[in-house]
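Pasted below: upload-v8.cif, mmCIF, C-alpha atoms and all ligand atoms.
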```cif
data_target
#
loop_
_atom_site.label_atom_id
_atom_site.label_comp_id
_atom_site.auth_asym_id
_atom_site.auth_seq_id
_atom_site.Cartn_x
_atom_site.Cartn_y
_atom_site.Cartn_z
CA MET A 14 -0.60 4.51 23.02
CA LYS A 15 -4.14 5.81 23.45
CA ILE A 16 -5.97 7.44 20.56
CA ILE A 17 -8.40 10.26 21.32
CA PRO A 18 -10.65 10.14 18.23
CA ILE A 19 -12.46 13.12 16.77
CA PHE A 20 -14.68 12.31 13.77
CA PHE A 21 -15.32 14.34 10.65
CA PRO A 22 -17.76 12.02 8.88
CA ASN A 23 -17.49 12.51 5.11
CA PHE A 24 -16.11 16.03 5.60
CA GLY A 25 -14.00 17.12 2.63
CA CYS A 26 -15.16 14.21 0.48
CA GLU A 27 -15.72 15.42 -3.04
CA TYR A 28 -16.94 11.97 -4.07
CA ARG A 29 -18.90 9.36 -2.16
CA CYS A 30 -17.16 5.99 -2.46
CA ALA A 31 -19.52 3.12 -3.25
CA PHE A 32 -19.11 1.46 0.14
CA CYS A 33 -18.99 4.54 2.35
CA ASN A 34 -21.49 6.25 4.52
CA GLU A 35 -19.54 7.51 7.48
CA TRP A 36 -22.60 8.97 9.14
CA MET A 37 -23.90 5.44 9.26
CA ALA A 38 -20.54 3.91 10.09
CA THR A 39 -19.69 6.23 12.97
CA MET A 40 -23.04 7.81 13.97
CA LYS A 41 -20.97 10.78 15.08
CA LYS A 42 -21.95 14.40 14.64
CA SER A 43 -19.48 16.81 13.12
CA PRO A 44 -17.18 18.61 15.56
CA ILE A 45 -18.33 22.15 16.32
CA SER A 46 -15.32 23.43 18.23
CA ILE A 47 -12.17 21.37 17.91
CA ARG A 48 -10.91 22.57 21.30
CA GLU A 49 -14.15 21.56 22.98
CA GLU A 50 -14.25 18.21 21.16
CA ILE A 51 -10.69 17.29 22.11
CA THR A 52 -11.21 18.30 25.74
CA LYS A 53 -14.41 16.22 25.97
CA ALA A 54 -12.89 13.22 24.21
CA TYR A 55 -9.74 13.42 26.37
CA ALA A 56 -11.87 13.09 29.49
CA PHE A 57 -14.07 10.36 28.00
CA TYR A 58 -11.13 8.20 26.83
CA HIS A 59 -9.01 8.95 29.93
CA GLY A 60 -6.25 10.55 27.89
CA ASP A 61 -2.71 10.94 29.21
CA GLU A 62 0.72 12.13 28.07
CA ASN A 63 1.04 9.12 25.76
CA SER A 64 -2.19 9.89 23.92
CA GLU A 65 -2.51 11.09 20.36
CA VAL A 66 -5.49 12.90 18.93
CA GLY A 67 -6.91 11.17 15.84
CA LEU A 68 -8.61 13.50 13.37
CA TYR A 69 -10.55 10.79 11.61
CA GLY A 70 -13.17 10.31 8.96
CA GLY A 71 -13.80 12.11 5.73
CA THR A 72 -10.88 13.55 3.80
CA PHE A 73 -9.22 15.69 6.43
CA THR A 74 -6.80 17.53 4.15
CA ALA A 75 -9.61 18.44 1.76
CA ILE A 76 -11.78 20.13 4.40
CA LYS A 77 -11.91 23.85 3.50
CA ASN A 78 -10.37 25.07 6.77
CA TRP A 79 -8.26 21.99 7.60
CA LYS A 80 -5.16 24.06 8.29
CA GLU A 81 -7.04 26.17 10.81
CA ILE A 82 -8.47 23.05 12.48
CA LEU A 83 -5.06 21.38 12.61
CA LYS A 84 -3.36 24.45 14.06
CA GLU A 85 -5.97 24.68 16.79
CA ALA A 86 -5.80 20.95 17.48
CA ASN A 87 -2.03 21.20 17.74
CA SER A 88 -2.16 23.98 20.32
CA VAL A 89 -4.69 22.01 22.40
CA VAL A 90 -2.52 18.89 22.16
CA ARG A 91 0.53 20.86 23.32
CA GLU A 92 -1.34 22.55 26.17
CA MET A 93 -2.64 19.19 27.39
CA GLY A 94 0.78 17.57 27.07
CA MET A 95 -0.27 14.89 24.61
CA LYS A 96 2.10 13.23 22.17
CA GLY A 97 0.82 14.29 18.78
CA ILE A 98 -1.87 14.10 16.13
CA ARG A 99 -2.79 11.52 13.53
CA ILE A 100 -5.04 12.21 10.60
CA SER A 101 -6.77 10.07 7.99
CA THR A 102 -7.16 11.19 4.42
CA ARG A 103 -7.24 10.21 0.73
CA PRO A 104 -4.01 9.61 -1.17
CA ASP A 105 -4.83 12.26 -3.78
CA GLU A 106 -5.38 14.97 -1.19
CA ILE A 107 -1.90 15.10 0.29
CA GLU A 108 -0.60 18.47 -0.82
CA ASP A 109 1.11 20.40 1.94
CA VAL A 110 3.11 17.74 3.79
CA ASP A 111 5.31 20.45 5.33
CA PHE A 112 2.28 21.95 7.04
CA LEU A 113 1.41 18.54 8.51
CA ALA A 114 4.96 18.07 9.80
CA ASP A 115 5.08 21.59 11.25
CA ASN A 116 1.76 21.23 13.06
CA GLY A 117 2.19 18.17 15.19
CA VAL A 118 1.12 15.40 12.79
CA SER A 119 3.05 12.26 13.69
CA LEU A 120 1.09 9.77 11.57
CA VAL A 121 -1.02 9.92 8.43
CA GLU A 122 -3.49 7.14 7.69
CA ILE A 123 -3.94 6.79 3.97
CA GLY A 124 -7.10 5.16 2.62
CA ALA A 125 -5.70 3.16 -0.27
CA GLN A 126 -8.31 0.37 -0.17
CA SER A 127 -6.81 -1.44 -3.18
CA MET A 128 -3.76 -1.31 -5.42
CA VAL A 129 -5.71 -2.54 -8.44
CA GLN A 130 -7.06 0.27 -10.62
CA ARG A 131 -10.18 -1.55 -11.80
CA VAL A 132 -11.17 -2.14 -8.16
CA LEU A 133 -10.57 1.52 -7.24
CA ASP A 134 -12.64 2.60 -10.23
CA ALA A 135 -15.49 0.21 -9.44
CA ALA A 136 -15.56 1.52 -5.87
CA GLY A 137 -15.83 5.11 -7.14
CA ARG A 138 -12.59 6.13 -5.49
CA ASN A 139 -11.58 8.61 -8.18
CA HIS A 140 -7.86 8.28 -7.54
CA THR A 141 -5.10 6.16 -8.97
CA VAL A 142 -2.81 3.48 -7.62
CA GLU A 143 0.04 5.87 -8.39
CA ASP A 144 -1.53 8.44 -6.04
CA VAL A 145 -1.13 5.94 -3.20
CA ARG A 146 2.56 5.32 -3.96
CA HIS A 147 3.23 9.02 -4.33
CA ALA A 148 1.43 9.96 -1.09
CA VAL A 149 3.23 7.32 0.99
CA GLU A 150 6.63 8.33 -0.40
CA ARG A 151 6.07 12.03 0.26
CA ILE A 152 4.85 11.48 3.82
CA LYS A 153 7.76 9.17 4.63
CA LYS A 154 10.22 11.67 3.21
CA LYS A 155 9.04 14.18 5.82
CA LYS A 156 9.67 11.57 8.54
CA ILE A 157 5.97 11.35 9.37
CA LYS A 158 4.74 7.83 10.02
CA VAL A 159 2.28 6.37 7.55
CA SER A 160 -0.36 3.72 7.90
CA VAL A 161 -2.20 2.28 4.87
CA HIS A 162 -5.78 1.02 4.85
CA LEU A 163 -6.80 -1.81 2.57
CA MET A 164 -10.20 -3.40 1.99
CA THR A 165 -11.14 -6.81 0.63
CA GLY A 166 -14.19 -7.95 -1.28
CA LEU A 167 -14.88 -4.68 -3.11
CA PRO A 168 -16.77 -4.78 -6.45
CA LEU A 169 -14.61 -6.40 -9.19
CA ASP A 170 -12.21 -7.53 -6.48
CA SER A 171 -10.82 -11.04 -6.13
CA LYS A 172 -8.59 -12.95 -3.76
CA LYS A 173 -5.74 -12.59 -6.23
CA ALA A 174 -6.27 -8.81 -6.46
CA ASP A 175 -6.32 -8.44 -2.66
CA ILE A 176 -3.11 -10.42 -2.30
CA PHE A 177 -1.52 -8.37 -5.09
CA SER A 178 -2.54 -5.18 -3.21
CA ALA A 179 -0.91 -6.45 -0.03
CA PHE A 180 2.37 -7.12 -1.87
CA GLU A 181 2.26 -3.69 -3.51
CA VAL A 182 1.65 -1.93 -0.19
CA ALA A 183 4.36 -3.98 1.55
CA LYS A 184 6.83 -2.70 -1.10
CA LEU A 185 6.13 0.84 0.16
CA SER A 186 7.21 -0.19 3.71
CA PRO A 187 4.52 1.70 5.62
CA ASP A 188 4.75 1.82 9.42
CA GLY A 189 1.47 -0.01 9.72
CA VAL A 190 -1.57 -1.34 7.89
CA ARG A 191 -5.26 -1.81 8.60
CA ILE A 192 -7.28 -4.28 6.61
CA HIS A 193 -10.99 -4.73 6.68
CA PRO A 194 -13.47 -6.64 4.58
CA THR A 195 -16.19 -4.68 2.83
CA LEU A 196 -19.44 -4.42 4.77
CA ILE A 197 -22.60 -3.18 3.10
CA LEU A 198 -23.90 -0.10 4.88
CA LYS A 199 -27.34 1.41 4.52
CA GLU A 200 -27.75 4.23 2.02
CA THR A 201 -24.70 3.45 -0.06
CA GLN A 202 -24.16 2.62 -3.71
CA LEU A 203 -23.12 -0.84 -2.57
CA GLU A 204 -26.47 -1.37 -0.88
CA LYS A 205 -28.20 -0.69 -4.23
CA MET A 206 -25.83 -3.08 -6.01
CA TYR A 207 -26.46 -5.74 -3.40
CA LEU A 208 -30.21 -5.34 -3.62
CA ASN A 209 -30.26 -5.46 -7.42
CA GLY A 210 -27.99 -8.51 -7.43
CA THR A 211 -24.88 -6.94 -9.02
CA TYR A 212 -22.73 -7.24 -5.90
CA ARG A 213 -22.15 -10.25 -3.69
CA PRO A 214 -20.36 -9.67 -0.38
CA GLN A 215 -17.67 -12.05 0.86
CA SER A 216 -18.65 -14.66 3.41
CA VAL A 217 -16.89 -14.49 6.79
CA GLU A 218 -14.86 -17.56 5.76
CA GLU A 219 -13.74 -16.00 2.46
CA ALA A 220 -12.82 -12.75 4.19
CA VAL A 221 -10.86 -14.50 6.95
CA ASP A 222 -9.02 -16.60 4.36
CA VAL A 223 -7.84 -13.68 2.22
CA VAL A 224 -7.15 -11.29 5.11
CA SER A 225 -5.04 -13.97 6.81
CA ASP A 226 -2.94 -14.26 3.64
CA MET A 227 -2.54 -10.48 3.50
CA VAL A 228 -1.55 -10.39 7.17
CA SER A 229 1.01 -13.14 6.46
CA ILE A 230 2.58 -10.94 3.78
CA PHE A 231 2.88 -7.96 6.13
CA LYS A 232 4.01 -10.08 9.09
CA ASN A 233 6.74 -11.58 6.93
CA ASP A 234 7.97 -8.05 6.14
CA LYS A 235 7.69 -7.04 9.81
CA ILE A 236 5.06 -4.42 9.03
CA GLN A 237 2.74 -3.75 11.94
CA ILE A 238 -0.86 -4.89 11.58
CA GLU A 239 -2.82 -2.26 13.41
CA ARG A 240 -6.23 -3.78 12.94
CA THR A 241 -8.16 -6.30 10.88
CA GLY A 242 -11.93 -6.08 10.64
CA MET A 243 -14.17 -3.18 11.48
CA TYR A 244 -15.32 -2.31 14.97
CA GLN A 245 -19.08 -1.95 15.29
CA ASP A 246 -20.96 -1.10 18.45
CA THR A 247 -24.57 -1.94 19.25
CA GLU A 248 -25.81 1.14 17.37
CA THR A 249 -23.58 1.14 14.27
CA ILE A 250 -24.09 -2.59 13.67
CA LYS A 251 -27.75 -1.82 12.90
CA ASN A 252 -26.57 0.01 9.77
CA VAL A 253 -24.69 -2.98 8.39
CA ILE A 254 -27.12 -4.75 6.11
CA ALA A 255 -24.83 -7.55 4.90
CA GLY A 256 -21.20 -8.57 4.62
CA PRO A 257 -18.58 -10.51 6.55
CA TYR A 258 -18.94 -8.93 9.98
CA HIS A 259 -17.68 -10.89 12.97
CA PRO A 260 -17.06 -9.33 16.40
CA ALA A 261 -13.82 -11.30 16.80
CA PHE A 262 -12.66 -10.98 13.19
CA GLY A 263 -9.03 -10.24 14.12
CA GLU A 264 -8.85 -13.37 16.27
CA LEU A 265 -10.27 -15.50 13.44
CA VAL A 266 -7.62 -14.10 11.10
CA ILE A 267 -4.70 -14.93 13.40
CA SER A 268 -6.11 -18.39 14.13
CA SER A 269 -6.47 -18.98 10.40
CA ILE A 270 -2.75 -18.26 9.85
CA TYR A 271 -1.79 -20.79 12.51
CA GLU A 272 -4.29 -23.28 11.12
CA LYS A 273 -2.60 -23.04 7.71
CA PHE A 274 0.77 -23.44 9.44
CA LEU A 275 -0.32 -26.60 11.28
CA LYS A 276 -2.05 -28.16 8.28
CA GLU A 277 0.66 -27.43 5.73
CA THR A 278 3.46 -28.71 7.96
CA ARG A 279 1.40 -31.78 8.93
CA ALA A 280 2.12 -30.97 12.55
CA ILE A 281 2.03 -33.66 15.17
CA LYS A 282 2.84 -31.32 18.02
CA VAL A 283 3.01 -27.53 18.17
CA TYR A 284 5.09 -25.39 20.52
CA GLY A 285 4.59 -21.75 21.43
CA PRO A 286 4.12 -19.21 24.21
CA GLN A 287 1.25 -19.90 26.59
CA TYR A 288 -0.39 -16.53 25.84
CA LEU A 289 -0.77 -17.59 22.20
CA ARG A 290 -2.19 -21.02 22.98
CA SER A 291 -5.79 -20.24 22.08
CA GLN A 292 -4.76 -18.49 18.85
CA ILE A 293 -2.44 -21.30 17.79
CA ILE A 294 -4.65 -24.22 18.61
CA GLY A 295 -7.85 -23.14 20.32
CA ARG A 296 -10.02 -22.34 17.33
CA ASN A 297 -8.42 -24.60 14.80
CA HIS A 298 -10.20 -27.80 15.65
CA ILE A 299 -7.10 -29.75 14.77
CA LYS A 300 -7.67 -32.13 17.59
CA TYR A 301 -4.78 -34.46 16.81
CA VAL A 302 -2.14 -31.72 17.35
CA SER A 303 -1.06 -31.28 20.94
CA PHE A 304 0.35 -28.06 22.33
CA GLU A 305 3.39 -27.51 24.51
CA VAL A 306 4.70 -24.25 25.94
CA ASP A 307 7.89 -22.84 24.45
CA ASP A 308 9.31 -19.36 23.77
CA GLU A 309 9.24 -19.75 19.99
CA ILE A 310 6.54 -21.07 17.71
CA TRP A 311 7.38 -24.27 15.86
CA VAL A 312 5.96 -27.64 15.00
CA ALA A 313 7.27 -31.16 15.26
CA ASN A 314 6.28 -33.33 12.30
CA ALA A 315 7.41 -36.57 10.70
CA GLY A 316 10.40 -34.75 9.16
CA GLY A 317 11.60 -32.98 12.34
CA LYS A 318 11.18 -29.33 13.30
CA VAL A 319 9.63 -26.44 11.31
CA CYS A 320 9.81 -22.91 12.74
CA PHE A 321 6.86 -20.60 12.17
CA ASP A 322 8.99 -17.78 10.71
CA SER A 323 10.65 -19.99 8.10
CA TRP A 324 7.28 -21.53 7.14
CA LEU A 325 5.81 -18.01 6.88
CA SER A 326 8.53 -16.87 4.53
CA GLU A 327 8.00 -19.95 2.30
CA TYR A 328 4.24 -19.50 2.41
CA VAL A 329 4.54 -15.87 1.33
CA SER A 330 6.86 -16.86 -1.57
CA HIS A 331 4.19 -19.33 -2.62
CA LEU A 332 1.56 -16.54 -2.54
CA LYS A 333 3.82 -14.42 -4.73
CA GLU A 334 4.05 -17.23 -7.29
CA LEU A 335 0.27 -17.53 -7.27
CA ILE A 336 -0.26 -13.93 -8.32
CA GLY A 337 2.42 -14.24 -11.00
S1 LIG A 401 -14.16 6.25 1.91
FE1 LIG A 401 -13.09 8.09 2.56
S2 LIG A 401 -12.93 9.31 0.70
FE2 LIG A 401 -14.52 7.80 0.31
S3 LIG A 401 -16.43 8.84 0.85
FE3 LIG A 401 -15.73 7.70 2.65
S4 LIG A 401 -14.56 9.13 3.85
FE4 LIG A 401 -14.77 10.01 1.82
#
```

Turn this file's structure into structure tokens for me.
Amino acid sequence: MKIIPIFFPNFGCEYRCAFCNEWMATMKKSPISIREEITKAYAFYHGDENSEVGLYGGTFTAIKNWKEILKEANSVVREMGMKGIRISTRPDEIEDVDFLADNGVSLVEIGAQSMVQRVLDAAGRNHTVEDVRHAVERIKKKKIKVSVHLMTGLPLDSKKADIFSAFEVAKLSPDGVRIHPTLILKETQLEKMYLNGTYRPQSVEEAVDVVSDMVSIFKNDKIQIERTGMYQDTETIKNVIAGPYHPAFGELVISSIYEKFLKETRAIKVYGPQYLRSQIIGRNHIKYVSFEVDDEIWVANAGGKVCFDSWLSEYVSHLKELIG
């Protein structure tokens, strides 16, 4: 599925969250004519009948004329034979779900960021954890797909709080999740906090460690991980002043899960599909474990055989105990 993105940077945002400056993050200008923007983006991204238009950035359902924009986008999508529309918005701005369903919206991306109230408050989110639950339930009820965004390393955050958030979101059974560590962008509240020493960003290692645990939780519940880490191009990266950015963050996260698997099971040999070889063993530097091709992922150790899925389920139970 191809996404044809149209950006509305900070449109409809009544508050500016401490970490956010979408002008800096996307460097995109606001769309003037939605028809024109979709047509241009369709050509640029080589859209086809499997494509969906993504109305991203800002708080889409709080933009003054969002219904007008959506209606127009929907007629363009239909005319061009595309599949549908996805939008991103805040959990406290989901009012007219019927209108979304009636106007071609197939997926709503909800910016939850955390399921811990003190973290939401410290990030200036101005919504509650309950708003997230309520929004996801209402969207699902209308048979629209829902994807939830989480962040790690926000002010007053902790590894325990991030893991707790992952469990809370998994309970809502969204269709997908995106997780990214907090990066410090220019001209944000977080930049000021960083410069005056009241905020310390995660290191890449810390971010990979906690995000890999969160991914384990979602993987164990068969919830799709749509993305981990934030994409930055050569221009937008200039606006990141600090934080755990890595161009291959998602790869590091997956490798970290397998590294935990190999270490905890005291693997002597690991088996798995060839296409996963570099993820399973390539980056882990566990030189004493050899790799052999097999359809399923498992290790041989002194006690016999341990399958990845059964280890994952045990590992996730252990994480649950840790958060109490
Ligand atoms: S994070 Fe979302 S709600 Fe907050 S300022 Fe940015 S776009 Fe607006």

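Checking A:Lys77, A:Arg29, A:His147, A:Lys273 one by one against ligand LIG 401 (chain A), counting all atoms listed in the file, you find the shortest gap at A:Arg29.
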
Next on the checklist: Set the distance at 8 Å and use only C-alpha atoms: which residues neighbour Ala75 of chain A once local chain neighbours fewer than 4 positions away are removed? I'd like the list as a ChimeraX atom specification.
Outcome noted: /A:24-26,79,106

Write out as JSON lines a residue-level contact list of chain A versus ligand LIG 401 (chain A) with cut-off 12 Å: for each qualifying residue the closest pair of atoms and the distance in Å to one decimal, counting all atoms listed in the file, rows sorted by chain and residue number upward.
```
{"residue": "A:Phe20", "atom": "CA", "partner": "A:LIG401", "partner_atom": "S4", "distance": 10.4}
{"residue": "A:Phe21", "atom": "CA", "partner": "A:LIG401", "partner_atom": "S4", "distance": 8.6}
{"residue": "A:Pro22", "atom": "CA", "partner": "A:LIG401", "partner_atom": "S4", "distance": 6.6}
{"residue": "A:Asn23", "atom": "CA", "partner": "A:LIG401", "partner_atom": "S4", "distance": 4.6}
{"residue": "A:Phe24", "atom": "CA", "partner": "A:LIG401", "partner_atom": "FE4", "distance": 7.2}
{"residue": "A:Gly25", "atom": "CA", "partner": "A:LIG401", "partner_atom": "FE4", "distance": 7.2}
{"residue": "A:Cys26", "atom": "CA", "partner": "A:LIG401", "partner_atom": "FE4", "distance": 4.4}
{"residue": "A:Glu27", "atom": "CA", "partner": "A:LIG401", "partner_atom": "FE4", "distance": 7.3}
{"residue": "A:Tyr28", "atom": "CA", "partner": "A:LIG401", "partner_atom": "S3", "distance": 5.9}
{"residue": "A:Arg29", "atom": "CA", "partner": "A:LIG401", "partner_atom": "S3", "distance": 3.9}
{"residue": "A:Cys30", "atom": "CA", "partner": "A:LIG401", "partner_atom": "FE2", "distance": 4.2}
{"residue": "A:Ala31", "atom": "CA", "partner": "A:LIG401", "partner_atom": "S3", "distance": 7.7}
{"residue": "A:Phe32", "atom": "CA", "partner": "A:LIG401", "partner_atom": "S1", "distance": 7.1}
{"residue": "A:Cys33", "atom": "CA", "partner": "A:LIG401", "partner_atom": "FE3", "distance": 4.6}
{"residue": "A:Asn34", "atom": "CA", "partner": "A:LIG401", "partner_atom": "FE3", "distance": 6.2}
{"residue": "A:Glu35", "atom": "CA", "partner": "A:LIG401", "partner_atom": "FE3", "distance": 6.2}
{"residue": "A:Trp36", "atom": "CA", "partner": "A:LIG401", "partner_atom": "FE3", "distance": 9.5}
{"residue": "A:Met37", "atom": "CA", "partner": "A:LIG401", "partner_atom": "FE3", "distance": 10.7}
{"residue": "A:Ala38", "atom": "CA", "partner": "A:LIG401", "partner_atom": "FE3", "distance": 9.6}
{"residue": "A:Thr39", "atom": "CA", "partner": "A:LIG401", "partner_atom": "S4", "distance": 10.9}
{"residue": "A:Tyr69", "atom": "CA", "partner": "A:LIG401", "partner_atom": "S4", "distance": 8.9}
{"residue": "A:Gly70", "atom": "CA", "partner": "A:LIG401", "partner_atom": "S4", "distance": 5.4}
{"residue": "A:Gly71", "atom": "CA", "partner": "A:LIG401", "partner_atom": "S4", "distance": 3.6}
{"residue": "A:Thr72", "atom": "CA", "partner": "A:LIG401", "partner_atom": "FE4", "distance": 5.6}
{"residue": "A:Phe73", "atom": "CA", "partner": "A:LIG401", "partner_atom": "S4", "distance": 8.8}
{"residue": "A:Thr74", "atom": "CA", "partner": "A:LIG401", "partner_atom": "S2", "distance": 10.8}
{"residue": "A:Ala75", "atom": "CA", "partner": "A:LIG401", "partner_atom": "S2", "distance": 9.8}
{"residue": "A:Ile76", "atom": "CA", "partner": "A:LIG401", "partner_atom": "FE4", "distance": 10.9}
{"residue": "A:Ser101", "atom": "CA", "partner": "A:LIG401", "partner_atom": "FE1", "distance": 8.6}
{"residue": "A:Thr102", "atom": "CA", "partner": "A:LIG401", "partner_atom": "FE1", "distance": 6.9}
{"residue": "A:Arg103", "atom": "CA", "partner": "A:LIG401", "partner_atom": "S2", "distance": 5.8}
{"residue": "A:Pro104", "atom": "CA", "partner": "A:LIG401", "partner_atom": "S2", "distance": 9.1}
{"residue": "A:Asp105", "atom": "CA", "partner": "A:LIG401", "partner_atom": "S2", "distance": 9.7}
{"residue": "A:Glu106", "atom": "CA", "partner": "A:LIG401", "partner_atom": "S2", "distance": 9.6}
{"residue": "A:Glu122", "atom": "CA", "partner": "A:LIG401", "partner_atom": "FE1", "distance": 10.9}
{"residue": "A:Ile123", "atom": "CA", "partner": "A:LIG401", "partner_atom": "FE1", "distance": 9.3}
{"residue": "A:Gly124", "atom": "CA", "partner": "A:LIG401", "partner_atom": "FE1", "distance": 6.7}
{"residue": "A:Ala125", "atom": "CA", "partner": "A:LIG401", "partner_atom": "S1", "distance": 9.3}
{"residue": "A:Gln126", "atom": "CA", "partner": "A:LIG401", "partner_atom": "S1", "distance": 8.6}
{"residue": "A:Ser127", "atom": "CA", "partner": "A:LIG401", "partner_atom": "S1", "distance": 11.8}
{"residue": "A:Leu133", "atom": "CA", "partner": "A:LIG401", "partner_atom": "FE2", "distance": 10.6}
{"residue": "A:Asp134", "atom": "CA", "partner": "A:LIG401", "partner_atom": "FE2", "distance": 11.9}
{"residue": "A:Ala136", "atom": "CA", "partner": "A:LIG401", "partner_atom": "FE2", "distance": 8.9}
{"residue": "A:Gly137", "atom": "CA", "partner": "A:LIG401", "partner_atom": "FE2", "distance": 8.0}
{"residue": "A:Arg138", "atom": "CA", "partner": "A:LIG401", "partner_atom": "FE2", "distance": 6.3}
{"residue": "A:Asn139", "atom": "CA", "partner": "A:LIG401", "partner_atom": "S2", "distance": 9.0}
{"residue": "A:His140", "atom": "CA", "partner": "A:LIG401", "partner_atom": "S2", "distance": 9.7}
{"residue": "A:His162", "atom": "CA", "partner": "A:LIG401", "partner_atom": "S1", "distance": 10.3}
{"residue": "A:Leu163", "atom": "CA", "partner": "A:LIG401", "partner_atom": "S1", "distance": 10.9}
{"residue": "A:Met164", "atom": "CA", "partner": "A:LIG401", "partner_atom": "S1", "distance": 10.4}
{"residue": "A:Thr195", "atom": "CA", "partner": "A:LIG401", "partner_atom": "S1", "distance": 11.2}
{"residue": "A:Leu198", "atom": "CA", "partner": "A:LIG401", "partner_atom": "FE3", "distance": 11.5}
{"residue": "A:Thr201", "atom": "CA", "partner": "A:LIG401", "partner_atom": "S3", "distance": 9.9}
{"residue": "A:Gln202", "atom": "CA", "partner": "A:LIG401", "partner_atom": "S3", "distance": 10.9}
```

Checklist entry - atom CA of Pro260 of chain A and atom CA of Arg191 of chain A are how many Å apart? => result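 Computing it gives 16.0 Å between the two atoms.
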
Next on the checklist: Considering only C-alpha atoms, can you say which of A:Lys173, A:Lys205, A:Arg146, A:Lys154 comes closest to Val224 of chain A?
Outcome noted: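 Of all the options, A:Lys173 lies closest to Val224 of chain A.
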
Next on the checklist: I want to know what sits within 12 Å of Ile294 of chain A, based on all atoms listed in the file, with residues of the same chain fewer than 3 positions away left out; could you give that as a ChimeraX atom specification?
Outcome noted: /A:264-265,267-276,280,282-291,297-306,310,312

Dump C-alpha atoms for the selected residues as a compact mmCIF listing (two decimals), in the coordinates of the input?
```txt
# COMPACT_ATOMS: atom_id res chain seq x y z
CA GLU A 264 -8.85 -13.37 16.27
CA LEU A 265 -10.27 -15.50 13.44
CA ILE A 267 -4.70 -14.93 13.40
CA SER A 268 -6.11 -18.39 14.13
CA SER A 269 -6.47 -18.98 10.40
CA ILE A 270 -2.75 -18.26 9.85
CA TYR A 271 -1.79 -20.79 12.51
CA GLU A 272 -4.29 -23.28 11.12
CA LYS A 273 -2.60 -23.04 7.71
CA PHE A 274 0.77 -23.44 9.44
CA LEU A 275 -0.32 -26.60 11.28
CA LYS A 276 -2.05 -28.16 8.28
CA ALA A 280 2.12 -30.97 12.55
CA LYS A 282 2.84 -31.32 18.02
CA VAL A 283 3.01 -27.53 18.17
CA TYR A 284 5.09 -25.39 20.52
CA GLY A 285 4.59 -21.75 21.43
CA PRO A 286 4.12 -19.21 24.21
CA GLN A 287 1.25 -19.90 26.59
CA TYR A 288 -0.39 -16.53 25.84
CA LEU A 289 -0.77 -17.59 22.20
CA ARG A 290 -2.19 -21.02 22.98
CA SER A 291 -5.79 -20.24 22.08
CA ASN A 297 -8.42 -24.60 14.80
CA HIS A 298 -10.20 -27.80 15.65
CA ILE A 299 -7.10 -29.75 14.77
CA LYS A 300 -7.67 -32.13 17.59
CA TYR A 301 -4.78 -34.46 16.81
CA VAL A 302 -2.14 -31.72 17.35
CA SER A 303 -1.06 -31.28 20.94
CA PHE A 304 0.35 -28.06 22.33
CA GLU A 305 3.39 -27.51 24.51
CA VAL A 306 4.70 -24.25 25.94
CA ILE A 310 6.54 -21.07 17.71
CA VAL A 312 5.96 -27.64 15.00
```

Checklist entry - Contacts of Leu325 of chain A at 9 Å or less, counting all atoms listed in the file, minus same-chain residues fewer than 3 places along, as a ChimeraX atom specification? => result /A:229-230,232-233,274,320-322,328-330

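Atom CA of Glu204 of chain A is positioned 8.6 Å from atom CA of Ala255 of chain A.
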
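Across A:Ile176, A:Ala114, A:Lys153, A:Val121, the tightest approach to Gly337 of chain A is made by A:Ile176 when counting all atoms listed in the file.
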
Item to check | A:Ile51, A:Ile152, A:Leu196, A:Val159 ranked by distance to Met95 of chain A, top pick (using all atoms listed in the file) | outcome: A:Ile51
